[in-house]
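Report on the structure given below.
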Amino acid sequence: MIVFNLQCRNSHVFEAWFRDSASYDRQVGAGELVCPTCGSRKIEKALMAPHLGKSKKGEAAIPAAANKKAVMETQEAGEAMKALRGLREKIEKSCDYVGPNFAEEARKIHYGETDPRGIYGETSDQDAKALKDEGVSFGRVPWAPDRDS
């Protein structure tokens, strides 16, 4: 297994584990990697510190407390991803998917041109800002993948 620090187009940095470097290349090429903060699929490797193994005396180069903290952070990230996947399931079950037409459909609902209903889809940052400026109520949810990377 290999761990990479990844960064999305919005400069959010996060870790992801892969079987090998080729697995990372395949997943990023297929657009399967998603930023857990903003949902962006524009992902690249971020700068990483080298892994420090053992010192010459055979002692762990990373203190046990730092390792424990890293394990706890990984567990918390796993719990957050599980919660985001649960939210994704609820949204998919109770709302209509409108794809890239999200901004247009949200406006129709806001201005009473169509019946109110829950919708989800994609929109650009520019369209999201325009919706907000118009007073259209909506939320952005980081779209967790339905399976682990």
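Going by the structure tokens order, chains are called A, B, ..., each with residues numbered from 1, while ligands are numbered from 1 in the order shown.
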
Thr37 in chain A: which residues within 9 Å, counting only C-alpha atoms, same-chain residues fewer than 5 positions away excluded, as a list in words? His12, Val13, Phe14, Val141, Pro142, Trp143 and Ala144 of chain A

From A:Arg88, A:Arg9, A:Lys132, A:Arg26, residue lying nearest Cys38 in chain A [only C-alpha atoms]: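 Smallest distance to Cys38 in chain A is found for A:Arg9.
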
Do a neighbour search on Glu122 in chain A at 6 Å with only C-alpha atoms, toss out local chain neighbours closer than 5 positions, and write the hits as a list in words.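 Counting only the stated atoms, we get Gly99, Pro100 and Phe102 of chain A.
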
As an exercise, work out the distance from CA of Leu131 in chain A to CA of Arg117 in chain A in Å and give it to one decimal place.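 CA of Arg117 in chain A lies at a distance of 16.8 Å from CA of Leu131 in chain A.
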
Report as an mmCIF file with C-alpha atoms, in the first residue's frame all protein, DNA and RNA residues lying within 12 Å of Cys35 in chain A, evaluated on only C-alpha atoms, omitting residues in the same chain fewer than 4 positions from it.
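Once everything was written out, this is out-v7.cif:
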```cif
data_model
loop_
_atom_site.group_PDB
_atom_site.id
_atom_site.type_symbol
_atom_site.label_atom_id
_atom_site.label_comp_id
_atom_site.auth_asym_id
_atom_site.auth_seq_id
_atom_site.Cartn_x
_atom_site.Cartn_y
_atom_site.Cartn_z
ATOM 1 C CA ASN A 5 -1.161 13.598 -0.251
ATOM 2 C CA LEU A 6 -3.613 14.830 -2.881
ATOM 3 C CA GLN A 7 -4.811 18.322 -3.690
ATOM 4 C CA CYS A 8 -7.930 19.472 -5.536
ATOM 5 C CA ARG A 9 -8.245 22.512 -7.787
ATOM 6 C CA ASN A 10 -9.481 24.481 -4.749
ATOM 7 C CA SER A 11 -6.235 23.720 -2.854
ATOM 8 C CA HIS A 12 -7.830 21.307 -0.361
ATOM 9 C CA VAL A 13 -5.189 18.764 0.682
ATOM 10 C CA PHE A 14 -6.125 15.246 1.797
ATOM 11 C CA GLU A 15 -4.613 11.758 2.019
ATOM 12 C CA ALA A 16 -5.597 8.694 0.034
ATOM 13 C CA VAL A 28 -7.283 9.886 -11.273
ATOM 14 C CA GLY A 31 -12.110 10.768 -12.533
ATOM 15 C CA GLY A 39 -16.367 17.387 -4.263
ATOM 16 C CA SER A 40 -13.968 18.487 -6.993
ATOM 17 C CA ARG A 41 -12.742 15.738 -9.317
ATOM 18 C CA LYS A 42 -9.718 17.787 -10.491
ATOM 19 C CA ILE A 43 -7.147 16.026 -8.312
ATOM 20 C CA GLU A 44 -3.352 15.924 -8.399
ATOM 21 C CA MET A 81 -16.515 9.675 4.674
ATOM 22 C CA LEU A 84 -20.929 11.767 3.654
ATOM 23 C CA VAL A 141 -22.322 18.993 -0.452
ATOM 24 C CA PRO A 142 -18.948 17.297 -0.930
ATOM 25 C CA TRP A 143 -19.889 14.296 -3.079
ATOM 26 C CA ALA A 144 -18.182 11.327 -1.462
ATOM 27 C CA PRO A 145 -17.481 8.403 -3.783
ATOM 28 C CA SER A 149 -10.409 4.798 -3.373
#
```
